[in-house]
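Peer 1: TSV, C-alpha atoms, saved as coords.tsv, coming up:
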chain	number	residue	atom	x	y	z
A	166	MET	CA	8.97	20.77	18.89
A	167	ASP	CA	6.07	20.70	21.29
A	168	ARG	CA	2.52	20.35	20.10
A	169	LEU	CA	-0.73	20.48	21.98
A	170	PRO	CA	-2.12	17.06	22.94
A	171	LEU	CA	-5.26	16.04	21.11
A	172	PRO	CA	-8.37	15.34	23.20
A	173	GLN	CA	-8.61	11.65	24.06
A	174	GLU	CA	-11.84	9.68	24.33
A	175	GLY	CA	-10.22	6.29	24.94
A	176	PRO	CA	-6.72	4.84	25.15
A	177	PRO	CA	-4.23	6.91	23.14
A	178	LEU	CA	-3.25	5.86	19.67
A	179	PRO	CA	-0.27	3.48	19.91
A	180	LEU	CA	2.28	5.86	18.36
A	181	GLU	CA	1.10	9.00	20.14
A	182	GLY	CA	4.10	11.02	21.36
A	183	LEU	CA	6.54	9.67	18.74
A	184	THR	CA	8.10	11.94	16.13
A	185	VAL	CA	9.04	10.79	12.64
A	186	VAL	CA	11.20	12.79	10.22
A	187	ALA	CA	11.02	11.69	6.60
A	188	VAL	CA	13.04	12.76	3.58
A	189	GLU	CA	10.73	11.03	1.16
A	190	GLN	CA	9.19	11.08	-2.27
A	191	ALA	CA	6.85	9.10	-4.54
A	192	VAL	CA	5.06	6.18	-2.82
A	193	SER	CA	7.15	3.70	-0.82
A	194	ALA	CA	8.38	5.93	2.02
A	195	PRO	CA	5.37	8.29	2.04
A	196	PHE	CA	2.91	5.38	2.28
A	197	ALA	CA	4.95	3.86	5.13
A	198	THR	CA	5.05	7.10	7.12
A	199	ARG	CA	1.35	7.73	6.49
A	200	GLN	CA	0.64	4.50	8.37
A	201	LEU	CA	2.68	5.88	11.28
A	202	ALA	CA	0.77	9.17	11.17
A	203	ASP	CA	-2.58	7.38	11.14
A	204	LEU	CA	-1.54	5.57	14.33
A	205	GLY	CA	-0.73	8.82	16.13
A	206	ALA	CA	2.89	9.64	15.29
A	207	ARG	CA	3.90	13.16	14.38
A	208	VAL	CA	5.37	12.98	10.88
A	209	ILE	CA	7.53	15.82	9.56
A	210	LYS	CA	7.89	15.56	5.80
A	211	VAL	CA	10.99	17.20	4.33
A	212	GLU	CA	10.42	18.28	0.72
A	213	ARG	CA	12.39	20.00	-2.00
A	214	VAL	CA	11.97	23.76	-2.27
A	215	ASP	CA	11.46	23.50	-6.05
A	216	GLY	CA	8.12	21.72	-6.20
A	217	GLY	CA	8.41	19.37	-3.26
A	218	ASP	CA	7.79	15.65	-3.42
A	219	PHE	CA	7.57	14.96	-7.15
A	220	ALA	CA	4.42	12.92	-6.55
A	221	ARG	CA	2.69	16.28	-6.10
A	222	GLY	CA	2.93	16.61	-9.89
A	223	TYR	CA	1.81	13.13	-10.99
A	224	ASP	CA	-1.72	14.26	-11.88
A	225	THR	CA	-4.46	16.72	-10.89
A	226	ALA	CA	-7.28	14.21	-10.48
A	227	ALA	CA	-8.10	14.95	-6.83
A	228	ARG	CA	-9.77	18.30	-7.45
A	229	GLY	CA	-6.50	19.74	-8.69
A	230	LEU	CA	-4.22	17.75	-6.37
A	231	ALA	CA	-2.29	14.62	-7.27
A	232	SER	CA	-4.16	11.47	-6.28
A	233	HIS	CA	-0.96	9.66	-5.23
A	234	PHE	CA	0.00	12.54	-2.96
A	235	VAL	CA	-3.41	12.81	-1.32
A	236	TRP	CA	-3.40	9.05	-0.69
A	237	CYS	CA	0.06	8.85	0.87
A	238	ASN	CA	0.55	12.11	2.75
A	239	ARG	CA	-2.32	12.95	5.05
A	240	GLY	CA	-1.56	13.83	8.64
A	241	LYS	CA	1.93	15.20	7.97
A	242	GLU	CA	3.71	18.51	8.46
A	243	SER	CA	5.57	19.80	5.39
A	244	ILE	CA	8.84	21.68	5.55
A	245	ALA	CA	10.55	22.67	2.29
A	246	LEU	CA	14.35	22.79	2.41
A	247	ASP	CA	17.32	22.70	0.05
A	248	LEU	CA	19.45	19.89	1.48
A	249	LYS	CA	22.34	20.75	-0.83
A	250	ASP	CA	22.81	23.91	1.20
A	251	PRO	CA	24.53	23.24	4.56
A	252	ARG	CA	21.95	25.41	6.33
A	253	GLY	CA	19.06	23.32	5.02
A	254	LEU	CA	20.84	20.11	5.98
A	255	ASP	CA	21.52	21.52	9.44
A	256	VAL	CA	17.79	22.04	9.96
A	257	VAL	CA	17.11	18.40	9.11
A	258	ARG	CA	19.80	17.27	11.52
A	259	ARG	CA	18.27	19.37	14.28
A	260	LEU	CA	14.86	17.81	13.57
A	261	ILE	CA	16.37	14.32	13.63
A	262	ALA	CA	18.07	15.00	16.97
A	263	ASP	CA	14.62	15.17	18.60
A	264	ALA	CA	13.03	12.40	16.54
A	265	ASP	CA	12.28	8.76	17.27
A	266	VAL	CA	12.21	7.57	13.66
A	267	PHE	CA	13.83	8.72	10.42
A	268	VAL	CA	12.80	7.39	7.00
A	269	GLN	CA	14.34	8.11	3.60
A	270	ASN	CA	14.00	6.76	0.07
A	271	LEU	CA	16.38	9.02	-1.82
A	272	ALA	CA	18.27	7.71	-4.84
A	273	GLN	CA	20.91	5.15	-3.92
A	274	GLY	CA	23.92	6.84	-2.34
A	275	ALA	CA	22.29	10.27	-1.96
A	276	ALA	CA	21.47	9.85	1.74
A	277	ALA	CA	24.99	8.65	2.52
A	278	ARG	CA	26.49	11.68	0.76
A	279	LEU	CA	24.34	13.88	3.01
A	280	GLY	CA	25.13	11.89	6.14
A	281	LEU	CA	21.48	10.85	6.38
A	282	ASP	CA	21.90	7.11	5.87
A	283	ALA	CA	20.65	4.85	8.63
A	284	ALA	CA	24.07	3.62	9.76
A	285	THR	CA	25.47	7.14	10.18
A	286	LEU	CA	22.40	8.47	11.97
A	287	CYS	CA	22.05	5.51	14.34
A	288	ALA	CA	25.72	5.80	15.30
A	289	ALA	CA	25.10	9.41	16.30
A	290	HIS	CA	21.66	8.80	17.87
A	291	PRO	CA	21.53	5.34	19.49
A	292	ARG	CA	17.79	5.52	20.27
A	293	LEU	CA	16.85	6.48	16.72
A	294	VAL	CA	15.15	4.00	14.40
A	295	ALA	CA	16.39	4.90	10.91
A	296	VAL	CA	14.98	3.37	7.73
A	297	ASP	CA	16.66	3.20	4.33
A	298	ILE	CA	14.28	2.22	1.52
A	299	SER	CA	15.87	1.42	-1.82
A	300	GLY	CA	15.02	-0.34	-5.02
A	301	TYR	CA	17.49	-3.21	-4.86
A	302	GLY	CA	19.42	-2.85	-1.60
A	303	ALA	CA	22.70	-1.19	-0.70
A	304	SER	CA	24.97	-3.85	-2.20
A	305	GLY	CA	25.12	-6.17	-5.19
A	306	PRO	CA	25.21	-5.49	-8.94
A	307	TYR	CA	21.81	-3.77	-8.96
A	308	ALA	CA	22.49	-1.41	-6.05
A	309	ASP	CA	22.82	1.69	-8.22
A	310	LYS	CA	20.07	0.92	-10.72
A	311	ARG	CA	17.10	3.27	-10.90
A	312	ALA	CA	14.09	1.50	-9.45
A	313	TYR	CA	10.54	2.48	-10.29
A	314	ASP	CA	7.55	0.35	-9.44
A	315	MET	CA	6.91	-1.12	-12.90
A	316	LEU	CA	10.59	-1.99	-13.32
A	317	VAL	CA	10.71	-3.81	-10.00
A	318	GLN	CA	7.45	-5.63	-10.79
A	319	CYS	CA	9.24	-6.98	-13.87
A	320	GLU	CA	12.47	-7.87	-12.05
A	321	ALA	CA	10.49	-9.64	-9.30
A	322	GLY	CA	8.59	-11.80	-11.76
A	323	LEU	CA	5.16	-10.40	-10.88
A	324	VAL	CA	4.46	-9.42	-14.46
A	325	SER	CA	5.31	-12.95	-15.62
A	326	VAL	CA	2.35	-14.40	-13.71
A	327	THR	CA	-0.13	-11.53	-14.21
A	328	GLY	CA	-2.23	-11.15	-17.32
A	329	THR	CA	-3.50	-13.51	-19.98
A	330	PRO	CA	-1.70	-16.35	-21.79
A	331	GLY	CA	-0.84	-13.99	-24.62
A	332	GLN	CA	-0.11	-10.80	-22.70
A	333	PRO	CA	1.80	-10.22	-19.44
A	334	VAL	CA	0.68	-7.09	-17.59
A	335	LYS	CA	1.83	-5.16	-14.55
A	336	ALA	CA	-0.39	-4.96	-11.50
A	337	GLY	CA	-2.86	-2.07	-11.61
A	338	VAL	CA	-1.55	-0.69	-8.30
A	339	PRO	CA	2.11	0.09	-7.43
A	340	ALA	CA	2.68	-3.32	-5.87
A	341	ALA	CA	6.45	-2.99	-5.39
A	342	ASP	CA	6.09	0.41	-3.71
A	343	ILE	CA	3.28	-0.82	-1.46
A	344	ALA	CA	5.18	-3.97	-0.50
A	345	ALA	CA	8.24	-1.95	0.47
A	346	ALA	CA	6.09	0.56	2.36
A	347	MET	CA	4.35	-2.07	4.45
A	348	TYR	CA	7.62	-3.84	5.34
A	349	ALA	CA	9.09	-0.45	6.28
A	350	PHE	CA	6.04	0.20	8.46
A	351	SER	CA	6.26	-3.17	10.20
A	352	GLY	CA	10.04	-2.85	10.44
A	353	VAL	CA	9.68	0.45	12.29
A	354	LEU	CA	7.15	-1.07	14.70
A	355	ALA	CA	9.45	-4.05	15.36
A	356	ALA	CA	12.44	-1.76	15.95
A	357	LEU	CA	10.41	0.40	18.34
A	358	VAL	CA	9.43	-2.69	20.33
A	359	ARG	CA	13.11	-3.66	20.50
A	360	ARG	CA	13.98	-0.14	21.63
A	361	GLY	CA	11.42	-0.48	24.38
A	362	THR	CA	13.30	-3.47	25.79
A	363	THR	CA	16.91	-2.55	25.01
A	364	GLY	CA	16.85	1.25	24.88
A	365	ARG	CA	18.45	1.23	21.43
A	366	GLY	CA	16.91	1.84	18.04
A	367	GLY	CA	18.95	0.89	15.02
A	368	PRO	CA	18.93	0.75	11.24
A	369	VAL	CA	16.16	-0.83	9.17
A	370	GLU	CA	16.86	-1.66	5.52
A	371	ILE	CA	14.07	-2.32	3.00
A	372	SER	CA	14.49	-3.25	-0.66
A	373	MET	CA	11.57	-3.01	-3.08
A	374	LEU	CA	12.81	-6.09	-4.95
A	375	GLU	CA	13.15	-8.17	-1.79
A	376	ALA	CA	9.75	-7.04	-0.50
A	377	LEU	CA	7.97	-7.96	-3.72
A	378	ALA	CA	9.95	-11.19	-4.10
A	379	GLU	CA	8.54	-12.25	-0.73
A	380	TRP	CA	5.03	-11.57	-2.03
A	381	MET	CA	5.80	-13.87	-4.96
A	382	GLY	CA	6.04	-16.77	-2.51
A	383	HIS	CA	3.42	-19.10	-3.99
A	384	PRO	CA	4.43	-18.96	-7.67
A	385	LEU	CA	8.11	-18.82	-6.69
A	386	HIS	CA	7.94	-21.96	-4.54
A	387	HIS	CA	5.69	-23.65	-7.08
A	388	THR	CA	8.36	-23.06	-9.72
A	389	MET	CA	11.46	-23.78	-7.62
A	390	HIS	CA	10.14	-26.98	-6.11
A	391	GLY	CA	7.73	-28.18	-8.77
A	392	GLY	CA	9.62	-27.12	-11.85
A	393	THR	CA	6.73	-25.51	-13.75
A	394	PRO	CA	6.01	-21.75	-13.61
A	395	PRO	CA	2.26	-21.08	-13.10
A	396	ALA	CA	0.55	-20.05	-16.32
A	397	ARG	CA	-0.94	-16.60	-16.76
A	398	THR	CA	-4.68	-17.22	-16.63
A	399	GLY	CA	-6.33	-13.78	-16.40
A	400	LEU	CA	-8.96	-13.92	-13.66
A	401	ALA	CA	-8.86	-17.72	-13.58
A	402	HIS	CA	-6.78	-19.70	-11.11
A	403	ALA	CA	-3.86	-21.69	-12.47
A	404	VAL	CA	-4.58	-24.86	-10.46
A	405	ILE	CA	-8.26	-24.61	-9.39
A	406	ALA	CA	-11.43	-24.90	-11.50
A	407	PRO	CA	-13.98	-23.45	-11.71
A	408	TYR	CA	-12.38	-20.24	-10.46
A	409	ASP	CA	-13.06	-17.35	-12.82
A	410	ALA	CA	-15.40	-14.51	-13.79
A	411	TYR	CA	-18.53	-15.32	-15.78
A	412	PRO	CA	-20.89	-12.95	-17.67
A	413	THR	CA	-24.49	-12.58	-16.50
A	414	ALA	CA	-27.65	-11.78	-18.44
A	415	ASP	CA	-27.62	-8.08	-17.49
A	416	GLY	CA	-24.02	-7.40	-18.56
A	417	GLY	CA	-22.42	-7.94	-15.16
A	418	ARG	CA	-19.68	-10.37	-14.28
A	419	VAL	CA	-19.74	-12.69	-11.30
A	420	LEU	CA	-16.71	-14.50	-9.96
A	421	LEU	CA	-16.91	-17.81	-8.16
A	422	SER	CA	-14.42	-20.17	-6.61
A	423	VAL	CA	-14.95	-23.87	-5.96
A	424	GLN	CA	-12.34	-24.94	-3.42
A	425	ASN	CA	-13.21	-28.62	-2.97
A	426	ASP	CA	-15.28	-31.42	-4.44
A	427	ARG	CA	-18.12	-31.03	-1.93
A	428	GLU	CA	-18.62	-27.47	-3.18
A	429	TRP	CA	-18.58	-28.72	-6.77
A	430	ARG	CA	-21.42	-31.12	-6.02
A	431	ARG	CA	-23.45	-28.29	-4.48
A	432	LEU	CA	-22.72	-26.06	-7.46
A	433	ALA	CA	-23.77	-28.79	-9.90
A	434	GLU	CA	-27.03	-29.46	-8.07
A	435	GLN	CA	-28.14	-26.01	-6.89
A	436	VAL	CA	-26.74	-23.65	-9.53
A	437	LEU	CA	-26.08	-25.63	-12.69
A	438	GLY	CA	-29.18	-27.76	-12.25
A	439	GLN	CA	-27.22	-30.86	-13.25
A	440	PRO	CA	-26.65	-32.91	-10.08
A	441	GLU	CA	-25.24	-35.81	-12.10
A	442	LEU	CA	-22.10	-33.72	-12.77
A	443	GLY	CA	-21.20	-34.01	-9.11
A	444	ASP	CA	-20.06	-37.60	-9.58
A	445	ASP	CA	-19.13	-37.50	-13.26
A	446	PRO	CA	-15.47	-38.65	-13.51
A	447	ALA	CA	-14.76	-35.76	-15.93
A	448	TYR	CA	-15.65	-33.20	-13.22
A	449	ALA	CA	-15.83	-34.92	-9.83
A	450	THR	CA	-12.30	-33.93	-8.72
A	451	ASN	CA	-10.43	-30.66	-9.02
A	452	ALA	CA	-7.71	-32.37	-11.06
A	453	ALA	CA	-10.36	-33.54	-13.53
A	454	ARG	CA	-12.00	-30.11	-13.70
A	455	VAL	CA	-8.65	-28.44	-14.36
A	456	ALA	CA	-7.88	-31.01	-17.06
A	457	HIS	CA	-11.25	-30.20	-18.65
A	458	ARG	CA	-11.20	-26.50	-17.80
A	459	GLU	CA	-12.83	-25.29	-21.02
A	460	ARG	CA	-15.76	-27.68	-20.64
A	461	THR	CA	-16.08	-26.88	-16.93
A	462	ASP	CA	-16.11	-23.14	-17.60
A	463	ALA	CA	-18.61	-23.58	-20.41
A	464	LEU	CA	-21.03	-25.36	-18.08
A	465	VAL	CA	-20.76	-22.66	-15.43
A	466	GLY	CA	-20.86	-19.84	-17.98
A	467	LYS	CA	-24.03	-21.20	-19.61
A	468	ALA	CA	-25.85	-21.39	-16.26
A	469	LEU	CA	-24.86	-17.92	-15.08
A	470	SER	CA	-25.49	-16.24	-18.45
A	471	ALA	CA	-29.20	-17.01	-18.00
A	472	LEU	CA	-29.31	-15.10	-14.70
A	473	LYS	CA	-29.03	-11.46	-13.77
A	474	ALA	CA	-26.06	-10.64	-11.53
A	475	ASP	CA	-28.21	-10.30	-8.41
A	476	GLU	CA	-29.91	-13.62	-9.14
A	477	ALA	CA	-26.58	-15.35	-9.76
A	478	MET	CA	-25.09	-13.99	-6.55
A	479	ASP	CA	-28.15	-15.04	-4.55
A	480	ARG	CA	-28.15	-18.56	-5.95
A	481	LEU	CA	-24.41	-18.99	-5.34
A	482	GLU	CA	-24.70	-17.64	-1.81
A	483	ARG	CA	-27.56	-20.01	-0.99
A	484	ALA	CA	-25.47	-22.90	-2.33
A	485	GLY	CA	-22.55	-21.90	-0.11
A	486	ILE	CA	-20.27	-21.09	-3.04
A	487	ALA	CA	-17.69	-18.30	-2.60
A	488	CYS	CA	-18.54	-15.53	-5.03
A	489	ALA	CA	-18.07	-11.84	-5.76
A	490	ARG	CA	-18.96	-9.16	-8.27
A	491	LEU	CA	-16.38	-7.74	-10.63
A	492	ARG	CA	-16.62	-4.10	-9.54
A	493	ASP	CA	-15.05	-1.00	-11.01
A	494	LEU	CA	-13.60	1.79	-8.89
A	495	ARG	CA	-16.80	3.84	-8.80
A	496	GLU	CA	-18.58	0.78	-7.46
A	497	LEU	CA	-15.85	0.33	-4.86
A	498	ALA	CA	-16.37	3.93	-3.75
A	499	GLY	CA	-20.03	3.08	-3.16
A	500	HIS	CA	-19.47	-0.44	-1.84
A	501	PRO	CA	-22.30	-1.38	0.53
A	502	GLN	CA	-19.97	-3.18	2.95
A	503	LEU	CA	-17.71	-0.16	3.37
A	504	ALA	CA	-20.77	2.03	3.87
A	505	ALA	CA	-22.32	-0.35	6.39
A	506	ARG	CA	-19.11	-0.39	8.41
A	507	ASP	CA	-18.81	3.41	8.27
A	508	ARG	CA	-15.32	3.30	6.74
A	509	TRP	CA	-15.37	6.68	4.98
A	510	ARG	CA	-14.14	9.95	6.46
A	511	GLU	CA	-13.21	13.38	5.11
A	512	VAL	CA	-9.62	14.61	5.10
A	513	GLY	CA	-8.69	18.27	4.90
A	514	THR	CA	-6.56	19.37	1.94
A	515	PRO	CA	-5.50	22.68	0.40
A	516	VAL	CA	-8.51	22.40	-1.94
A	517	GLY	CA	-11.04	21.45	0.73
A	518	PRO	CA	-12.21	18.16	2.24
A	519	LEU	CA	-11.79	14.93	0.27
A	520	ARG	CA	-13.20	11.48	1.01
A	521	ALA	CA	-10.73	8.89	2.26
A	522	LEU	CA	-10.95	5.41	3.72
A	523	LEU	CA	-10.17	4.72	7.33
A	524	PRO	CA	-6.96	2.67	7.46
A	525	PRO	CA	-7.59	-1.07	7.80
A	526	ILE	CA	-5.95	-1.34	11.24
A	527	THR	CA	-8.84	-0.96	13.66
A	528	LEU	CA	-8.21	-0.80	17.41
A	529	PRO	CA	-11.59	-1.47	19.09
A	530	GLY	CA	-12.04	0.42	22.34
A	531	GLY	CA	-9.38	2.99	21.46
A	532	ASN	CA	-9.34	6.21	19.53
A	533	GLU	CA	-10.02	6.15	15.81
A	534	ALA	CA	-7.06	6.49	13.48
A	535	ARG	CA	-5.89	10.07	13.13
A	536	MET	CA	-6.57	11.08	9.54
A	537	GLY	CA	-4.94	14.49	9.50
A	538	ASP	CA	-4.84	17.04	6.72
A	539	VAL	CA	-2.84	16.75	3.52
A	540	PRO	CA	-0.26	19.56	3.76
A	541	ALA	CA	0.50	22.24	1.23
A	542	LEU	CA	4.16	22.43	0.24
A	543	GLY	CA	6.08	24.13	3.05
A	544	GLU	CA	2.93	24.74	5.06
A	545	HIS	CA	4.78	24.14	8.33
A	546	THR	CA	8.21	25.45	7.38
A	547	GLU	CA	8.17	28.56	9.54
A	548	ALA	CA	6.75	26.84	12.62
A	549	LEU	CA	9.32	24.06	12.39
A	550	LEU	CA	12.21	26.46	11.85
A	551	ARG	CA	11.16	28.33	14.98
A	552	ALA	CA	10.83	25.02	16.84
A	553	VAL	CA	14.49	24.18	16.19
A	554	GLY	CA	15.54	27.55	17.57
A	555	MET	CA	15.91	29.77	14.53
A	556	THR	CA	15.44	33.51	14.86
A	557	ASP	CA	13.34	35.73	12.60
A	558	ALA	CA	16.49	36.97	10.89
A	559	GLU	CA	17.77	33.45	10.24
A	560	ILE	CA	14.42	32.37	8.83
A	561	ALA	CA	14.27	35.42	6.60
A	562	ALA	CA	17.76	34.66	5.30
A	563	LEU	CA	16.86	31.06	4.50
A	564	ARG	CA	13.80	32.19	2.56
A	565	ARG	CA	15.70	34.97	0.77
A	566	ASP	CA	18.41	32.54	-0.34
A	567	GLY	CA	15.94	29.84	-1.45
A	568	VAL	CA	17.09	27.39	1.20
A	569	ALA	CA	13.61	27.21	2.76
A	570	ALA	CA	10.17	27.71	1.27
Now, as a test, write the supplied structure out as structure tokens.

Peer 2:
Amino acid sequence: MDRLPLPQEGPPLPLEGLTVVAVEQAVSAPFATRQLADLGARVIKVERVDGGDFARGYDTAARGLASHFVWCNRGKESIALDLKDPRGLDVVRRLIADADVFVQNLAQGAAARLGLDAATLCAAHPRLVAVDISGYGASGPYADKRAYDMLVQCEAGLVSVTGTPGQPVKAGVPAADIAAAMYAFSGVLAALVRRGTTGRGGPVEISMLEALAEWMGHPLHHTMHGGTPPARTGLAHAVIAPYDAYPTADGGRVLLSVQNDREWRRLAEQVLGQPELGDDPAYATNAARVAHRERTDALVGKALSALKADEAMDRLERAGIACARLRDLRELAGHPQLAARDRWREVGTPVGPLRALLPPITLPGGNEARMGDVPALGEHTEALLRAVGMTDAEIAALRRDGVAA
């Protein structure tokens, strides 16, 4: 499975020369392997012959392509195979034999039935790092439950602390999928470091529930050790005040956060225009401000409502108060900080180039992250079949029988 080396301007990307095979779908595994591709790994994505990764059909928002798929699958090679047919499964096993990493997030038990679970593969290939991503883990009473992002957000308690006092809500991004993806990514890197010192890879197991439960650390520990679950407070902070979004005169919303009593005194003097509030016992400490949250917020809201958003931001910045605008997604796409840091690139897709953000891991002095094309379904099937030694007649038979596409 040779490929031509890419021209290098600086040190190679850290995963250059490594090959990843992924039997993946949706978000958790694809987002993990996209991180590996961005850092230089070759990622071979194995998809179903009948439509491929089902995330390809989530929507058509990205100029006819699914936005989830475009986000999670750049820089990969797509091969479409029927793994229920022994010939399709044999191709995957040949690909794995030459790979450094294997990742799968099939339904619980499906990989084991195919012999593609991490334990089986690592026993056959001691240098292989093999990752099993599941909803709830391989054992326990929830092992066989279907696990989609919203369901895991609920099971992990995220929804219980997100929203308003009257309405719990799920996070607006697939938090459980992303958590699992990033632990899979870091787990692969850790296992590769271990392989570099011991010569052996090994299994990596990631559970969406366990990943998101770790992210629930603050409210979880607050509840376990303090006895009181944090209240749902919308954009406000449960234990800090003022810490919220406030309307401005021009219809914007500005968020601010006062982290200590020194900042409160500056806010009172330089923004609220009421320096006496700095030492008023009803507001002078964070505990007092939280106890009188409605009055505190009313004071801040009244001051900011008389200012346009730019004026409010400028006054808060000059007072040394942490602040931000409440931006929508179109504003994020035009964010001046991202533009100033030149974070946007174009990625090739079957419908032409699309804008995408550089990944947040920056390696100064080295090559930029490799943001390869988003593949069409089965775009690389023939080349990969030839690379594992298949003849023209064998390839034709696989296509004729619907085993490859």

Peer 1: For a test of reading the model, state the distance in Å between atom CA of Trp380 of chain A and atom CA of Val326 of chain A, rounded to one decimal.

Peer 2: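 Computing the Euclidean distance for atom CA of Trp380 of chain A and atom CA of Val326 of chain A yields 12.3 Å.
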
Peer 1: Give me, as a PyMOL selection string, all polymer residues having an atom no more than 10 Å from Ala396 of chain A, counting all atoms listed in the file and skipping those fewer than 4 positions away in the same chain.

Peer 2: chain A and resi 325-330+384+402-404

Peer 1: Find the spatial neighbours of Ala276 of chain A, counting only C-alpha atoms, within a cut-off of 10 Å - ignore same-chain residues fewer than 5 positions away - and output them as a ChimeraX atom specification.

Peer 2: /A:188,269-271,281-283,285,297

Peer 1: Segment 207-224 of chain A: which residues within 8 Å, counting only C-alpha atoms, same-chain residues fewer than 2 positions away excluded, as a PyMOL selection string?

Peer 2: chain A and resi 181-192+198-199+201-202+205+226+229-234+240-248+257+542-543+567-570

Peer 1: Show me, as a ChimeraX atom specification, the residues that have an atom within 12 Å of Asp557 of chain A when counting all atoms listed in the file, minus same-chain residues fewer than 6 positions from it.

Peer 2: /A:547-548,550-551,563-564

Peer 1: Please determine, counting only C-alpha atoms, which residue among A:Asp479, A:Ser193, A:Lys249, A:Leu204 has the shortest atom-to-atom distance to Leu528 of chain A.

Peer 2: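 Ranking A:Asp479, A:Ser193, A:Lys249, A:Leu204 by distance to Leu528 of chain A, first place goes to A:Leu204.
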
Peer 1: Work out how far atom CA of Asp265 of chain A is from atom CA of Ala356 of chain A, in Å to one decimal.

Peer 2: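 Here the two named atoms are 10.6 Å from each other.
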
Peer 1: Closest to Ala498 of chain A among A:Leu522, A:Leu437, A:Ala468, A:Leu279, using all atoms listed in the file?

Peer 2: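 Between A:Leu522, A:Leu437, A:Ala468, A:Leu279, the residue approaching Ala498 of chain A most closely is A:Leu522.
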
Peer 1: Check the smallest atom-to-atom distance from each of A:Ser470, A:Thr225, A:Thr514, A:Ser351 to Arg239 of chain A using all atoms listed in the file, then report the winner.

Peer 2: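 Looking only at the distances to Arg239 of chain A, the closest residue turns out to be A:Thr514.
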
Peer 1: Of the candidates A:Leu377, A:Ala433, A:Gln318, A:Gly253, which shows the shortest atom-to-atom distance to Ala562 of chain A, using all atoms listed in the file?

Peer 2: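 That would be A:Gly253, the residue with the smallest distance to Ala562 of chain A.
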
Peer 1: Near segment 361-374 of chain A, within 6 Å and counting all atoms listed in the file, which residues show up once chain neighbours fewer than 6 positions away are dropped, as a list in words?

Peer 2: Ala283, Cys287, Pro291, Arg292, Leu293, Val294, Ala295, Val296, Asp297, Ile298, Ser299, Gly300, Tyr301, Gly302, Val317, Ala341 and Ala345 of chain A

Peer 1: So, counting only C-alpha atoms, which residue among A:Ala277, A:Leu497, A:Leu421, A:Val266 is closest to Arg360 of chain A?

Peer 2: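 Result for the nearest residue to Arg360 of chain A: A:Val266.
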
Peer 1: Of the candidates A:Ala197, A:Leu519, A:Val539, A:Leu469, which shows the shortest atom-to-atom distance to Arg228 of chain A, using all atoms listed in the file?

Peer 2: A:Leu519

Peer 1: Mind giving me the straight-line distance from atom CA of Glu496 of chain A to atom CA of Gln424 of chain A in Å, one decimal?

Peer 2: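 Computing the Euclidean distance for atom CA of Glu496 of chain A and atom CA of Gln424 of chain A yields 26.8 Å.
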
Peer 1: Taking all atoms of segment 552-563 of chain A that appear in the file, build a box with edges along x, y and z, extend it by 8 Å on every side, and state its centre and edge lengths in Å to one decimal, as lines of an AutoDock Vina configuration file.

Peer 2:
center_x = 14.3
center_y = 30.6
center_z = 11.0
size_x = 22.9
size_y = 28.8
size_z = 29.1
